[in-house]
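Chemist: Sending over query.pdb (PDB, C-alpha atoms and all ligand atoms).
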MODEL        1
ATOM      1  CA  MET A  22     -51.498 -58.464  29.814
ATOM      2  CA  ALA A  23     -49.227 -56.332  31.991
ATOM      3  CA  VAL A  24     -46.377 -56.895  29.548
ATOM      4  CA  LEU A  25     -48.618 -55.824  26.651
ATOM      5  CA  ILE A  26     -49.593 -52.623  28.492
ATOM      6  CA  ALA A  27     -45.953 -51.931  29.319
ATOM      7  CA  LEU A  28     -44.995 -52.404  25.662
ATOM      8  CA  LEU A  29     -47.769 -50.064  24.501
ATOM      9  CA  VAL A  30     -46.687 -47.362  26.985
ATOM     10  CA  LEU A  31     -43.037 -47.749  25.922
ATOM     11  CA  ASN A  32     -44.026 -47.607  22.262
ATOM     12  CA  GLY A  33     -46.049 -44.429  22.925
ATOM     13  CA  ARG A  34     -43.097 -42.787  24.670
ATOM     14  CA  LEU A  35     -40.702 -43.876  21.945
ATOM     15  CA  SER A  36     -42.871 -42.487  19.163
ATOM     16  CA  ALA A  37     -43.413 -39.227  21.132
ATOM     17  CA  ALA A  38     -39.634 -38.895  21.581
ATOM     18  CA  LEU A  39     -39.082 -39.645  17.885
ATOM     19  CA  THR A  40     -41.686 -37.074  16.825
ATOM     20  CA  SER A  41     -40.076 -34.485  19.098
ATOM     21  CA  VAL A  42     -36.588 -35.172  17.650
ATOM     22  CA  VAL A  43     -37.931 -34.879  14.082
ATOM     23  CA  SER A  44     -39.826 -31.660  14.800
ATOM     24  CA  LYS A  45     -36.838 -30.105  16.705
ATOM     25  CA  GLY A  46     -34.575 -31.067  13.787
ATOM     26  CA  PHE A  47     -36.991 -29.454  11.370
ATOM     27  CA  GLN A  48     -37.170 -26.298  13.484
ATOM     28  CA  MET A  49     -33.363 -26.183  13.553
ATOM     29  CA  LEU A  50     -33.132 -26.485   9.769
ATOM     30  CA  VAL A  51     -35.708 -23.716   9.351
ATOM     31  CA  SER A  52     -33.747 -21.465  11.745
ATOM     32  CA  LEU A  53     -30.470 -22.233   9.944
ATOM     33  CA  PHE A  54     -32.127 -21.416   6.633
ATOM     34  CA  HIS A  55     -33.302 -18.031   7.941
ATOM     35  CA  LEU A  56     -29.928 -17.352   9.558
ATOM     36  CA  ARG A  57     -28.135 -18.036   6.266
ATOM     37  CA  LYS A  58     -30.629 -15.877   4.402
ATOM     38  CA  SER A  59     -29.832 -12.950   6.668
ATOM     39  CA  ILE A  60     -26.055 -13.522   6.865
ATOM     40  CA  ASP A  61     -25.444 -14.094   3.131
ATOM     41  CA  PRO A  62     -26.251 -10.523   2.001
ATOM     42  CA  LEU A  63     -24.076  -9.223   4.837
ATOM     43  CA  LEU A  64     -21.110 -11.392   3.756
ATOM     44  CA  GLU A  65     -21.695 -10.417   0.143
ATOM     45  CA  SER A  66     -21.689  -6.730   0.967
ATOM     46  CA  ILE A  67     -18.482  -7.096   3.041
ATOM     47  CA  SER A  68     -16.736  -8.940   0.229
ATOM     48  CA  GLU A  69     -18.031  -6.421  -2.312
ATOM     49  CA  ASN A  70     -16.828  -3.475  -0.262
ATOM     50  CA  CYS A  71     -13.469  -4.941   0.627
ATOM     51  CA  TYR A  72     -12.380  -6.868  -2.391
ATOM     52  CA  THR A  73     -14.399  -6.583  -5.535
ATOM     53  CA  ARG A  74     -15.322  -2.944  -5.743
ATOM     54  CA  GLY A  75     -13.685  -1.361  -8.743
ATOM     55  CA  LEU A  76     -11.351  -2.582 -11.451
ATOM     56  CA  LYS A  77      -8.369  -4.718 -10.526
ATOM     57  CA  ILE A  78      -4.989  -3.381 -11.520
ATOM     58  CA  ASN A  79      -1.887  -5.460 -10.781
ATOM     59  CA  ALA A  80       0.829  -3.167 -12.129
ATOM     60  CA  VAL A  81       1.056   0.540 -12.915
ATOM     61  CA  ASN A  82       2.665   1.120 -16.313
ATOM     62  CA  THR A  83       1.626   4.684 -17.044
ATOM     63  CA  ILE A  84      -0.144   7.508 -15.240
ATOM     64  CA  ASP A  85      -1.797  10.269 -17.238
ATOM     65  CA  ILE A  86      -2.902  13.281 -15.215
ATOM     66  CA  LYS A  87      -5.393  15.295 -17.257
ATOM     67  CA  ASN A  88      -6.685  18.793 -16.481
ATOM     68  CA  MET A  89      -6.420  18.131 -12.786
ATOM     69  CA  THR A  90      -7.320  20.611 -10.043
ATOM     70  CA  VAL A  91      -6.566  19.508  -6.492
ATOM     71  CA  ASN A  92      -8.509  21.071  -3.612
ATOM     72  CA  VAL A  93      -7.534  21.272   0.033
ATOM     73  CA  SER A  94     -10.186  22.327   2.552
ATOM     74  CA  GLU A  95     -12.486  22.855  -0.457
ATOM     75  CA  GLN A  96     -10.143  25.512  -1.908
ATOM     76  CA  PRO A  97      -8.091  24.886  -5.079
ATOM     77  CA  LEU A  98      -4.434  24.316  -4.186
ATOM     78  CA  LEU A  99      -3.113  23.142  -7.580
ATOM     79  CA  SER A 100      -4.767  23.668 -10.972
ATOM     80  CA  ASP A 101      -4.338  22.838 -14.609
ATOM     81  CA  ILE A 102      -2.031  19.841 -14.162
ATOM     82  CA  ASN A 103      -1.287  17.778 -17.266
ATOM     83  CA  ILE A 104       1.563  15.351 -16.755
ATOM     84  CA  SER A 105       2.259  11.843 -18.059
ATOM     85  CA  LEU A 106       4.418   9.422 -16.112
ATOM     86  CA  ARG A 107       6.001   6.388 -17.809
ATOM     87  CA  ARG A 108       7.216   3.030 -16.527
ATOM     88  CA  GLY A 109      10.908   2.726 -15.746
ATOM     89  CA  GLU A 110      11.235   6.505 -15.295
ATOM     90  CA  SER A 111      12.361   8.347 -12.144
ATOM     91  CA  TYR A 112      10.964  11.758 -11.255
ATOM     92  CA  ALA A 113      12.082  14.286  -8.666
ATOM     93  CA  VAL A 114       9.211  16.386  -7.293
ATOM     94  CA  ILE A 115      10.579  19.741  -6.186
ATOM     95  CA  GLY A 116       9.173  23.024  -4.824
ATOM     96  CA  GLY A 117       9.101  25.102  -1.645
ATOM     97  CA  ILE A 118       7.520  24.126   1.644
ATOM     98  CA  GLY A 119       3.699  24.038   1.558
ATOM     99  CA  VAL A 120       3.336  24.360  -2.240
ATOM    100  CA  GLY A 121       1.486  21.039  -2.517
ATOM    101  CA  LYS A 122       4.052  18.314  -3.317
ATOM    102  CA  SER A 123       2.701  15.875  -0.733
ATOM    103  CA  THR A 124      -0.912  16.593  -1.651
ATOM    104  CA  LEU A 125      -0.140  15.959  -5.331
ATOM    105  CA  LEU A 126       1.556  12.636  -4.550
ATOM    106  CA  LYS A 127      -1.231  11.553  -2.215
ATOM    107  CA  THR A 128      -3.751  12.331  -4.939
ATOM    108  CA  LEU A 129      -1.861  10.081  -7.383
ATOM    109  CA  VAL A 130      -2.276   7.100  -5.071
ATOM    110  CA  THR A 131      -5.884   7.921  -4.130
ATOM    111  CA  LEU A 132      -4.994   8.920  -0.545
ATOM    112  CA  HIS A 133      -6.434  12.367  -1.292
ATOM    113  CA  ASP A 134      -9.570  12.415  -3.394
ATOM    114  CA  ASP A 135     -10.759  16.010  -3.503
ATOM    115  CA  TYR A 136      -9.852  16.784  -7.111
ATOM    116  CA  ARG A 137     -11.351  17.440 -10.514
ATOM    117  CA  GLY A 138     -10.027  16.206 -13.838
ATOM    118  CA  SER A 139      -8.719  12.685 -14.202
ATOM    119  CA  ILE A 140      -5.896  10.356 -13.281
ATOM    120  CA  ILE A 141      -5.714   7.463 -15.744
ATOM    121  CA  TYR A 142      -3.604   4.369 -15.036
ATOM    122  CA  ASN A 143      -2.333   2.215 -17.917
ATOM    123  CA  SER A 144      -4.265   4.378 -20.438
ATOM    124  CA  LEU A 145      -7.486   2.724 -19.273
ATOM    125  CA  TYR A 146      -8.323   2.820 -15.591
ATOM    126  CA  ASP A 147      -9.570   5.970 -13.945
ATOM    127  CA  ALA A 148      -8.231   6.356 -10.387
ATOM    128  CA  LYS A 149     -11.812   6.772  -9.189
ATOM    129  CA  THR A 150     -12.841   3.335 -10.471
ATOM    130  CA  ILE A 151      -9.974   1.105  -9.376
ATOM    131  CA  ASP A 152      -9.998  -1.469  -6.608
ATOM    132  CA  ARG A 153      -7.908   0.057  -3.795
ATOM    133  CA  HIS A 154      -7.194  -3.338  -2.267
ATOM    134  CA  ALA A 155      -5.465  -4.762  -5.356
ATOM    135  CA  PHE A 156      -3.888  -1.395  -6.211
ATOM    136  CA  SER A 157      -2.137  -1.112  -2.848
ATOM    137  CA  ASP A 158      -0.228  -4.340  -3.585
ATOM    138  CA  CYS A 159       1.686  -2.655  -6.397
ATOM    139  CA  VAL A 160       2.251   0.728  -4.728
ATOM    140  CA  VAL A 161       4.850   1.962  -2.252
ATOM    141  CA  TYR A 162       4.002   5.220  -0.498
ATOM    142  CA  LEU A 163       6.471   6.310   2.160
ATOM    143  CA  ASP A 164       6.714   9.679   3.862
ATOM    144  CA  MET A 165       8.300  11.046   7.008
ATOM    145  CA  ASN A 166       5.429   9.708   9.118
ATOM    146  CA  SER A 167       5.654   6.093   7.963
ATOM    147  CA  THR A 168       6.064   3.872  11.011
ATOM    148  CA  PHE A 169       6.753   0.247  11.871
ATOM    149  CA  ILE A 170       3.989  -1.979  13.140
ATOM    150  CA  LYS A 171       4.121  -3.807  16.473
ATOM    151  CA  GLY A 172       6.128  -7.010  16.189
ATOM    152  CA  SER A 173       9.609  -8.269  15.344
ATOM    153  CA  VAL A 174      11.888  -7.034  12.556
ATOM    154  CA  PHE A 175      11.069 -10.196  10.597
ATOM    155  CA  HIS A 176       7.341  -9.669  11.116
ATOM    156  CA  ASN A 177       7.616  -6.106   9.788
ATOM    157  CA  PHE A 178       9.362  -7.310   6.617
ATOM    158  CA  TYR A 179       6.948 -10.208   6.179
ATOM    159  CA  ILE A 180       3.760  -8.205   6.550
ATOM    160  CA  ARG A 181       4.920  -5.718   3.893
ATOM    161  CA  GLY A 182       5.647  -8.471   1.392
ATOM    162  CA  VAL A 183       9.389  -9.204   1.777
ATOM    163  CA  ARG A 184       9.263 -12.856   2.858
ATOM    164  CA  HIS A 185      12.519 -14.533   1.863
ATOM    165  CA  LYS A 186      14.457 -15.179   5.079
ATOM    166  CA  GLU A 187      17.932 -14.989   3.555
ATOM    167  CA  ARG A 188      17.105 -11.726   1.828
ATOM    168  CA  ILE A 189      15.750 -10.246   5.055
ATOM    169  CA  ILE A 190      18.907 -11.242   6.967
ATOM    170  CA  GLN A 191      21.114  -9.739   4.260
ATOM    171  CA  LEU A 192      19.180  -6.444   4.260
ATOM    172  CA  VAL A 193      19.114  -6.211   8.059
ATOM    173  CA  ARG A 194      22.889  -6.847   8.143
ATOM    174  CA  SER A 195      23.452  -4.017   5.660
ATOM    175  CA  VAL A 196      21.478  -1.623   7.903
ATOM    176  CA  PHE A 197      22.953  -2.782  11.237
ATOM    177  CA  SER A 198      26.526  -3.470  10.185
ATOM    178  CA  SER A 199      27.957  -3.431  13.734
ATOM    179  CA  VAL A 200      25.225  -5.492  15.451
ATOM    180  CA  ASN A 201      25.092  -9.253  15.783
ATOM    181  CA  ILE A 202      21.935 -10.290  13.896
ATOM    182  CA  ASP A 203      20.750 -13.348  15.810
ATOM    183  CA  TYR A 204      17.428 -15.134  16.330
ATOM    184  CA  GLU A 205      16.562 -12.860  19.250
ATOM    185  CA  PHE A 206      17.169  -9.691  17.180
ATOM    186  CA  LEU A 207      15.274 -10.872  14.130
ATOM    187  CA  PHE A 208      12.320 -12.807  15.548
ATOM    188  CA  LYS A 209      11.856 -12.117  19.261
ATOM    189  CA  THR A 210      12.535  -8.473  20.072
ATOM    190  CA  ASP A 211       9.800  -5.958  19.314
ATOM    191  CA  ILE A 212      11.122  -3.548  16.687
ATOM    192  CA  SER A 213      10.317  -0.550  18.919
ATOM    193  CA  GLN A 214      12.864  -1.879  21.460
ATOM    194  CA  ILE A 215      15.741  -1.923  18.960
ATOM    195  CA  PRO A 216      17.921   1.176  19.233
ATOM    196  CA  MET A 217      18.462   2.749  15.804
ATOM    197  CA  SER A 218      19.335   6.085  14.240
ATOM    198  CA  SER A 219      16.797   7.918  12.075
ATOM    199  CA  GLY A 220      18.907   6.969   9.029
ATOM    200  CA  GLN A 221      18.743   3.276   9.969
ATOM    201  CA  ARG A 222      15.003   3.627  10.548
ATOM    202  CA  ARG A 223      14.532   5.099   7.059
ATOM    203  CA  LYS A 224      16.681   2.495   5.339
ATOM    204  CA  LEU A 225      14.900  -0.330   7.138
ATOM    205  CA  MET A 226      11.505   1.101   6.186
ATOM    206  CA  LEU A 227      12.553   1.374   2.515
ATOM    207  CA  TYR A 228      13.963  -2.163   2.362
ATOM    208  CA  MET A 229      10.848  -3.548   4.061
ATOM    209  CA  THR A 230       8.457  -1.879   1.680
ATOM    210  CA  ILE A 231      10.119  -2.153  -1.726
ATOM    211  CA  ASN A 232       9.864  -5.461  -3.532
ATOM    212  CA  GLU A 233       9.726  -6.768  -7.092
ATOM    213  CA  TYR A 234       5.914  -6.512  -7.229
ATOM    214  CA  LYS A 235       5.886  -2.741  -6.738
ATOM    215  CA  SER A 236       5.406  -0.750  -9.909
ATOM    216  CA  LEU A 237       4.727   2.705  -8.436
ATOM    217  CA  ILE A 238       7.159   3.872  -5.769
ATOM    218  CA  ILE A 239       6.551   7.220  -4.067
ATOM    219  CA  LEU A 240       9.085   8.496  -1.558
ATOM    220  CA  ASP A 241       7.871  11.757  -0.054
ATOM    221  CA  GLU A 242      10.836  13.172   1.877
ATOM    222  CA  ALA A 243      11.572   9.560   2.772
ATOM    223  CA  LEU A 244      15.302   9.847   2.068
ATOM    224  CA  ILE A 245      16.239  12.589   4.507
ATOM    225  CA  ASN A 246      18.970  11.683   7.009
ATOM    226  CA  LEU A 247      20.607   9.498   4.374
ATOM    227  CA  SER A 248      24.035  10.184   2.903
ATOM    228  CA  PRO A 249      24.482  10.565  -0.892
ATOM    229  CA  GLU A 250      26.083   7.085  -0.950
ATOM    230  CA  GLU A 251      23.141   5.586   0.909
ATOM    231  CA  ILE A 252      20.684   7.274  -1.455
ATOM    232  CA  MET A 253      22.603   5.913  -4.453
ATOM    233  CA  ALA A 254      22.461   2.434  -2.896
ATOM    234  CA  ILE A 255      18.689   2.712  -2.441
ATOM    235  CA  ARG A 256      18.239   3.850  -6.048
ATOM    236  CA  LYS A 257      20.335   0.929  -7.287
ATOM    237  CA  TYR A 258      18.293  -1.428  -5.122
ATOM    238  CA  ILE A 259      15.044  -0.120  -6.635
ATOM    239  CA  ALA A 260      16.488  -0.295 -10.174
ATOM    240  CA  LYS A 261      17.542  -3.914  -9.585
ATOM    241  CA  LEU A 262      14.302  -5.097  -7.981
ATOM    242  CA  SER A 263      11.748  -3.087  -9.959
ATOM    243  CA  PRO A 264      13.475  -1.744 -13.079
ATOM    244  CA  GLN A 265      10.112  -0.942 -14.667
ATOM    245  CA  ALA A 266       8.661   0.908 -11.679
ATOM    246  CA  ILE A 267       7.634   4.544 -11.835
ATOM    247  CA  LEU A 268       9.688   6.243  -9.106
ATOM    248  CA  LEU A 269       8.672   9.627  -7.661
ATOM    249  CA  ILE A 270      10.863  11.293  -5.036
ATOM    250  CA  ALA A 271       9.704  14.516  -3.373
ATOM    251  CA  THR A 272      12.744  16.296  -2.066
ATOM    252  CA  HIS A 273      14.347  19.594  -1.101
ATOM    253  CA  ASP A 274      17.765  18.103  -1.638
ATOM    254  CA  ARG A 275      19.416  19.495  -4.791
ATOM    255  CA  MET A 276      21.797  16.571  -4.888
ATOM    256  CA  ILE A 277      18.869  14.143  -5.258
ATOM    257  CA  SER A 278      16.930  16.213  -7.798
ATOM    258  CA  ASN A 279      20.086  16.752  -9.877
ATOM    259  CA  MET A 280      20.609  13.045 -10.283
ATOM    260  CA  MET A 281      17.037  12.392 -11.444
ATOM    261  CA  PRO A 282      16.392  12.248 -15.211
ATOM    262  CA  ASN A 283      12.950  13.869 -14.868
ATOM    263  CA  VAL A 284      11.884  16.771 -12.673
ATOM    264  CA  ILE A 285       8.370  17.917 -11.759
ATOM    265  CA  LYS A 286       8.264  21.399 -10.281
ATOM    266  CA  VAL A 287       5.385  22.414  -8.028
ATOM    267  CA  ASP A 288       4.884  26.175  -7.709
ATOM    268  CA  ASN A 289       2.467  28.977  -8.649
ATOM    269  CA  ASN A 290      -0.448  26.685  -7.844
ATOM    270  CA  THR A 291       0.407  24.144 -10.505
ATOM    271  CA  ALA A 292       2.807  21.289 -11.254
ATOM    272  CA  LYS A 293       4.861  21.003 -14.444
ATOM    273  CA  LEU A 294       7.396  18.620 -15.899
ATOM    274  CA  ILE A 295      10.426  20.919 -16.233
ATOM    275  CA  ARG A 296      12.982  18.279 -17.190
ATOM    276  CA  SER A 297      12.279  15.093 -19.088
ATOM    277  CA  SER A 298      14.498  12.274 -20.313
ATOM    278  CA  THR A 299      12.096  11.341 -23.099
ATOM    279  CA  VAL A 300      10.192  14.484 -24.106
ATOM    280  CA  LYS A 301      11.672  17.851 -24.962
ATOM    281  CA  VAL A 302      10.239  20.226 -22.397
ATOM    282  CA  ILE A 303       9.587  23.853 -23.262
ATOM    283  CA  THR A 304       9.759  26.060 -20.184
ATOM    284  CA  ASN A 305       9.147  29.773 -19.999
TER     285      ASN A 305
HETATM  286  N1  LIG A 401      -5.232  17.711   5.475
HETATM  287  C1  LIG A 401      -5.065  19.008   5.254
HETATM  288  N2  LIG A 401      -5.944  19.903   5.738
HETATM  289  C2  LIG A 401      -5.803  21.214   5.513
HETATM  290  N3  LIG A 401      -4.796  21.749   4.823
HETATM  291  C3  LIG A 401      -3.891  20.907   4.320
HETATM  292  C4  LIG A 401      -3.965  19.491   4.493
HETATM  293  N4  LIG A 401      -2.918  18.916   3.869
HETATM  294  C5  LIG A 401      -2.225  19.912   3.335
HETATM  295  N5  LIG A 401      -2.786  21.112   3.599
HETATM  296  C6  LIG A 401      -2.316  22.406   3.125
HETATM  297  O1  LIG A 401      -2.045  22.289   1.745
HETATM  298  C7  LIG A 401      -0.864  22.963   1.415
HETATM  299  C8  LIG A 401       0.107  22.016   0.765
HETATM  300  O2  LIG A 401       0.583  21.074   1.686
HETATM  301  P1  LIG A 401       1.587  19.923   1.262
HETATM  302  O3  LIG A 401       1.030  19.214   0.098
HETATM  303  O4  LIG A 401       1.887  19.118   2.484
HETATM  304  O5  LIG A 401       2.874  20.774   0.801
HETATM  305  P2  LIG A 401       4.385  20.316   0.574
HETATM  306  O6  LIG A 401       4.437  18.829   0.594
HETATM  307  O7  LIG A 401       4.765  20.898  -0.753
HETATM  308  O8  LIG A 401       5.186  20.919   1.671
HETATM  309  C9  LIG A 401      -0.343  23.590   2.699
HETATM  310  O9  LIG A 401      -0.738  24.927   2.709
HETATM  311  C10 LIG A 401      -1.015  22.810   3.772
HETATM  312  O10 LIG A 401      -1.205  23.613   4.908
HETATM  313 MG    MG A 402       5.456  17.518   1.808
ENDMDL
END
Show the structure stored in the file as structure tokens.
Ligand SMILES: Nc1ncnc2c1ncn2[C@@H]1O[C@H](COP(=O)(O)OP(=O)(O)O)[C@@H](O)[C@H]1O
Ligand SMILES: [Mg+2]
Modeler:
Amino acid sequence: MAVLIALLVLNGRLSAALTSVVSKGFQMLVSLFHLRKSIDPLLESISENCYTRGLKINAVNTIDIKNMTVNVSEQPLLSDINISLRRGESYAVIGGIGVGKSTLLKTLVTLHDDYRGSIIYNSLYDAKTIDRHAFSDCVVYLDMNSTFIKGSVFHNFYIRGVRHKERIIQLVRSVFSSVNIDYEFLFKTDISQIPMSSGQRRKLMLYMTINEYKSLIILDEALINLSPEEIMAIRKYIAKLSPQAILLIATHDRMISNMMPNVIKVDNNTAKLIRSSTVKVITN
């Protein structure tokens, strides 16, 4: 009898425990379901905002600027711009200090968006509708303020898309010809701790940023402190790696603008193509 009672009690406890496990499990599933329901829209909106907003463009072949007016501080700075840029062509962007060269170039790569008129990539994509994330993979934009990120020399190359170790070593050797490029230099030392001239800094920045996937290369005063020979070497490097890229160089240096086949002049509150390798330009 006692055994029977003991068995009944045990059975009761077992079934109570089982019921509790089942109901806790059910509660957990319900909570997970609600959690997923609330997280999913959040994840979707993050992915939409970061990656899928706009049209994907993997290479820039042409840029058509049509009836563009660029404003700064809500005032028009440049007006009536109609210029077409073609793949494989190099353009000097010239003009006095403060005329709007940098603002124009920033507008072309959607870093400045207070403008009217249109910028059309590849005859199809309006700058206002493209996916910035994908676009940035095919664009180089360097100016005097471009800086390294925290980390080693190798890390700085890698993060910008130059990943082949032998190529990195070769480029670093060409910039630091009198320094022993060892493991410590390349991988361990933070780049900010490496002594270098402003010319070496500029060359390193250019070599880190330019690669064969870039089809629009904008160098806004990014070649100052470099000798004519060094500038020629950089141009050859770009021509070898990205022969089809559109190259725009904003400069005050006559030597650089003279060697460019196309020249865009910014003055009198507008920008005009004043020399072209492909189109006869009428200037007045
Ligand atoms: N973020 C800004 N806020 C206010 N004014 C600006 C800004 N950026 C540029 N400007 C003004 O726009 C004009 C053109 O500047 P910028 O494009 O840098 O000329 P450039 O590159 O030809 O020297 C200047 O008068 C400058 O003061
Ligand atoms: Mg400028």
Chemist: So which one's closest to ligand MG 402 (chain A), A:Arg184, A:Lys87, A:Lys127, A:Arg194? Using all atoms listed in the file, please.
Modeler: A:Lys127
Chemist: Hey, could you make a per-residue contact list for range 112-214 of chain A against range 275-294 of chain A with 12 Å as the cut-off, showing the nearest pair of atoms and its distance in Å to one decimal, counting all atoms listed in the file, sorted by chain and number, as a Markdown table?
Modeler:
| residue | atom | partner | partner_atom | distance |
| --- | --- | --- | --- | --- |
| A:Tyr112 | CA | A:Asn283 | CA | 4.6 |
| A:Ala113 | CA | A:Val284 | CA | 4.7 |
| A:Val114 | CA | A:Ile285 | CA | 4.8 |
| A:Ile115 | CA | A:Lys286 | CA | 5.0 |
| A:Gly116 | CA | A:Val287 | CA | 5.0 |
| A:Gly117 | CA | A:Asp288 | CA | 7.5 |
| A:Ile118 | CA | A:Asp288 | CA | 9.9 |
| A:Gly119 | CA | A:Asp288 | CA | 9.6 |
| A:Val120 | CA | A:Asp288 | CA | 6.0 |
| A:Gly121 | CA | A:Val287 | CA | 6.9 |
| A:Lys122 | CA | A:Val287 | CA | 6.4 |
| A:Ser123 | CA | A:Val287 | CA | 10.2 |
| A:Thr124 | CA | A:Val287 | CA | 10.7 |
| A:Leu125 | CA | A:Ala292 | CA | 8.5 |
| A:Leu126 | CA | A:Ala292 | CA | 11.0 |
Chemist: Can you translate the PyMOL selection byres (((chain A and resi 111) around 6) and not hetatm) into the concrete residues it hits in this file, as a VMD selection string?
Modeler: chain A and resid 110 112 268 to 269
Chemist: Using the chain letters and numbers from the file, give me the residues hit by the PyMOL selection byres (((chain A and resi 240) around 7) and not hetatm), as an MDAnalysis selection string.
Modeler: chainID A and resid 162:164 238:239 241:243 269:271
Chemist: Got time to write the residues from that selection, C-alpha atoms, as an mmCIF file, in the frame of the given file?
Modeler:
data_model
loop_
_atom_site.group_PDB
_atom_site.id
_atom_site.type_symbol
_atom_site.label_atom_id
_atom_site.label_comp_id
_atom_site.auth_asym_id
_atom_site.auth_seq_id
_atom_site.Cartn_x
_atom_site.Cartn_y
_atom_site.Cartn_z
ATOM 1 C CA TYR A 162 4.002 5.220 -0.498
ATOM 2 C CA LEU A 163 6.471 6.310 2.160
ATOM 3 C CA ASP A 164 6.714 9.679 3.862
ATOM 4 C CA ILE A 238 7.159 3.872 -5.769
ATOM 5 C CA ILE A 239 6.551 7.220 -4.067
ATOM 6 C CA ASP A 241 7.871 11.757 -0.054
ATOM 7 C CA GLU A 242 10.836 13.172 1.877
ATOM 8 C CA ALA A 243 11.572 9.560 2.772
ATOM 9 C CA LEU A 269 8.672 9.627 -7.661
ATOM 10 C CA ILE A 270 10.863 11.293 -5.036
ATOM 11 C CA ALA A 271 9.704 14.516 -3.373
#
Chemist: Between A:Asn232, A:Asn166, A:Ser173, A:Gln221, which residue has the minimum interatomic distance to ligand MG 402 (chain A), considering only C-alpha atoms and all ligand atoms?
Modeler: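 Checking each candidate against ligand MG 402 (chain A), we get A:Asn166 as the closest.
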Chemist: Quick one: pull the distance between CA of Val93 in chain A and atom C8 of ligand LIG 401 (chain A), Å, one decimal.
Modeler: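 The value is 7.7 Å.
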Chemist: Written as a PyMOL selection string, which residues does the PyMOL selection byres (((chain A and resi 226) around 10) and not hetatm) give for the file shown?
Modeler: chain A and resi 163+167-169+177-178+181+220-225+227-231+243
Chemist: Between CA of Tyr146 in chain A and CA of Asp85 in chain A, what distance in Å does the model show, to one decimal?
Modeler: 10.0 Å
Chemist: When you look at Ala266 in chain A with a cut-off of 7 Å (counting all atoms listed in the file), what residues show up, excluding the ones that are within fewer than 6 positions of it in the same chain? I need them as a short mmCIF file (atom, residue, chain, number, x, y, z; two decimals) with C-alpha atoms, in the frame of the given file.
Modeler:
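Okay, this is what ended up in around38.cif:
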data_model
loop_
_atom_site.label_atom_id
_atom_site.label_comp_id
_atom_site.auth_asym_id
_atom_site.auth_seq_id
_atom_site.Cartn_x
_atom_site.Cartn_y
_atom_site.Cartn_z
CA ARG A 108 7.22 3.03 -16.53
CA GLY A 109 10.91 2.73 -15.75
CA LYS A 235 5.89 -2.74 -6.74
CA SER A 236 5.41 -0.75 -9.91
CA LEU A 237 4.73 2.70 -8.44
CA ILE A 238 7.16 3.87 -5.77
#
Chemist: If you take every atom of ligand LIG 401 (chain A) that the file lists and fit an axis-aligned box around them with 8 Å extra on each side, what centre and edge lengths come out in Å to one decimal, as AutoDock Vina command-line options?
Modeler:
--center_x -0.4 --center_y 21.3 --center_z 2.5 --size_x 27.1 --size_y 23.2 --size_z 22.5
Chemist: Just range 174-185 of chain A from the block, N, CA and C atoms, as a CSV table (one decimal), in the first residue's frame, could you?
Modeler:
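See part_26.csv below for the written result:
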chain,number,residue,atom,x,y,z
A,174,VAL,N,50.9,49.7,-41.7
A,174,VAL,CA,50.9,50.1,-43.2
A,174,VAL,C,50.1,49.0,-44.0
A,175,PHE,N,50.3,47.8,-43.7
A,175,PHE,CA,49.6,46.7,-44.4
A,175,PHE,C,48.1,46.8,-44.2
A,176,HIS,N,47.7,47.1,-43.0
A,176,HIS,CA,46.3,47.2,-42.7
A,176,HIS,C,45.6,48.4,-43.5
A,177,ASN,N,46.4,49.5,-43.6
A,177,ASN,CA,45.9,50.6,-44.4
A,177,ASN,C,45.7,50.3,-45.8
A,178,PHE,N,46.7,49.5,-46.4
A,178,PHE,CA,46.5,49.1,-47.8
A,178,PHE,C,45.3,48.2,-47.9
A,179,TYR,N,45.2,47.2,-47.0
A,179,TYR,CA,44.2,46.1,-47.1
A,179,TYR,C,42.8,46.7,-47.0
A,180,ILE,N,42.6,47.6,-46.1
A,180,ILE,CA,41.3,48.1,-45.8
A,180,ILE,C,40.8,49.0,-47.0
A,181,ARG,N,41.7,49.5,-47.8
A,181,ARG,CA,41.3,50.3,-49.0
A,181,ARG,C,41.2,49.5,-50.2
A,182,GLY,N,41.5,48.2,-50.1
A,182,GLY,CA,41.3,47.3,-51.3
A,182,GLY,C,42.5,46.9,-52.0
A,183,VAL,N,43.7,47.2,-51.5
A,183,VAL,CA,45.0,46.7,-52.1
A,183,VAL,C,45.4,45.6,-51.2
A,184,ARG,N,45.3,44.3,-51.7
A,184,ARG,CA,45.4,43.2,-50.7
A,184,ARG,C,46.5,42.2,-51.1
A,185,HIS,N,47.2,42.4,-52.2
A,185,HIS,CA,48.2,41.4,-52.6
A,185,HIS,C,49.5,41.8,-51.9
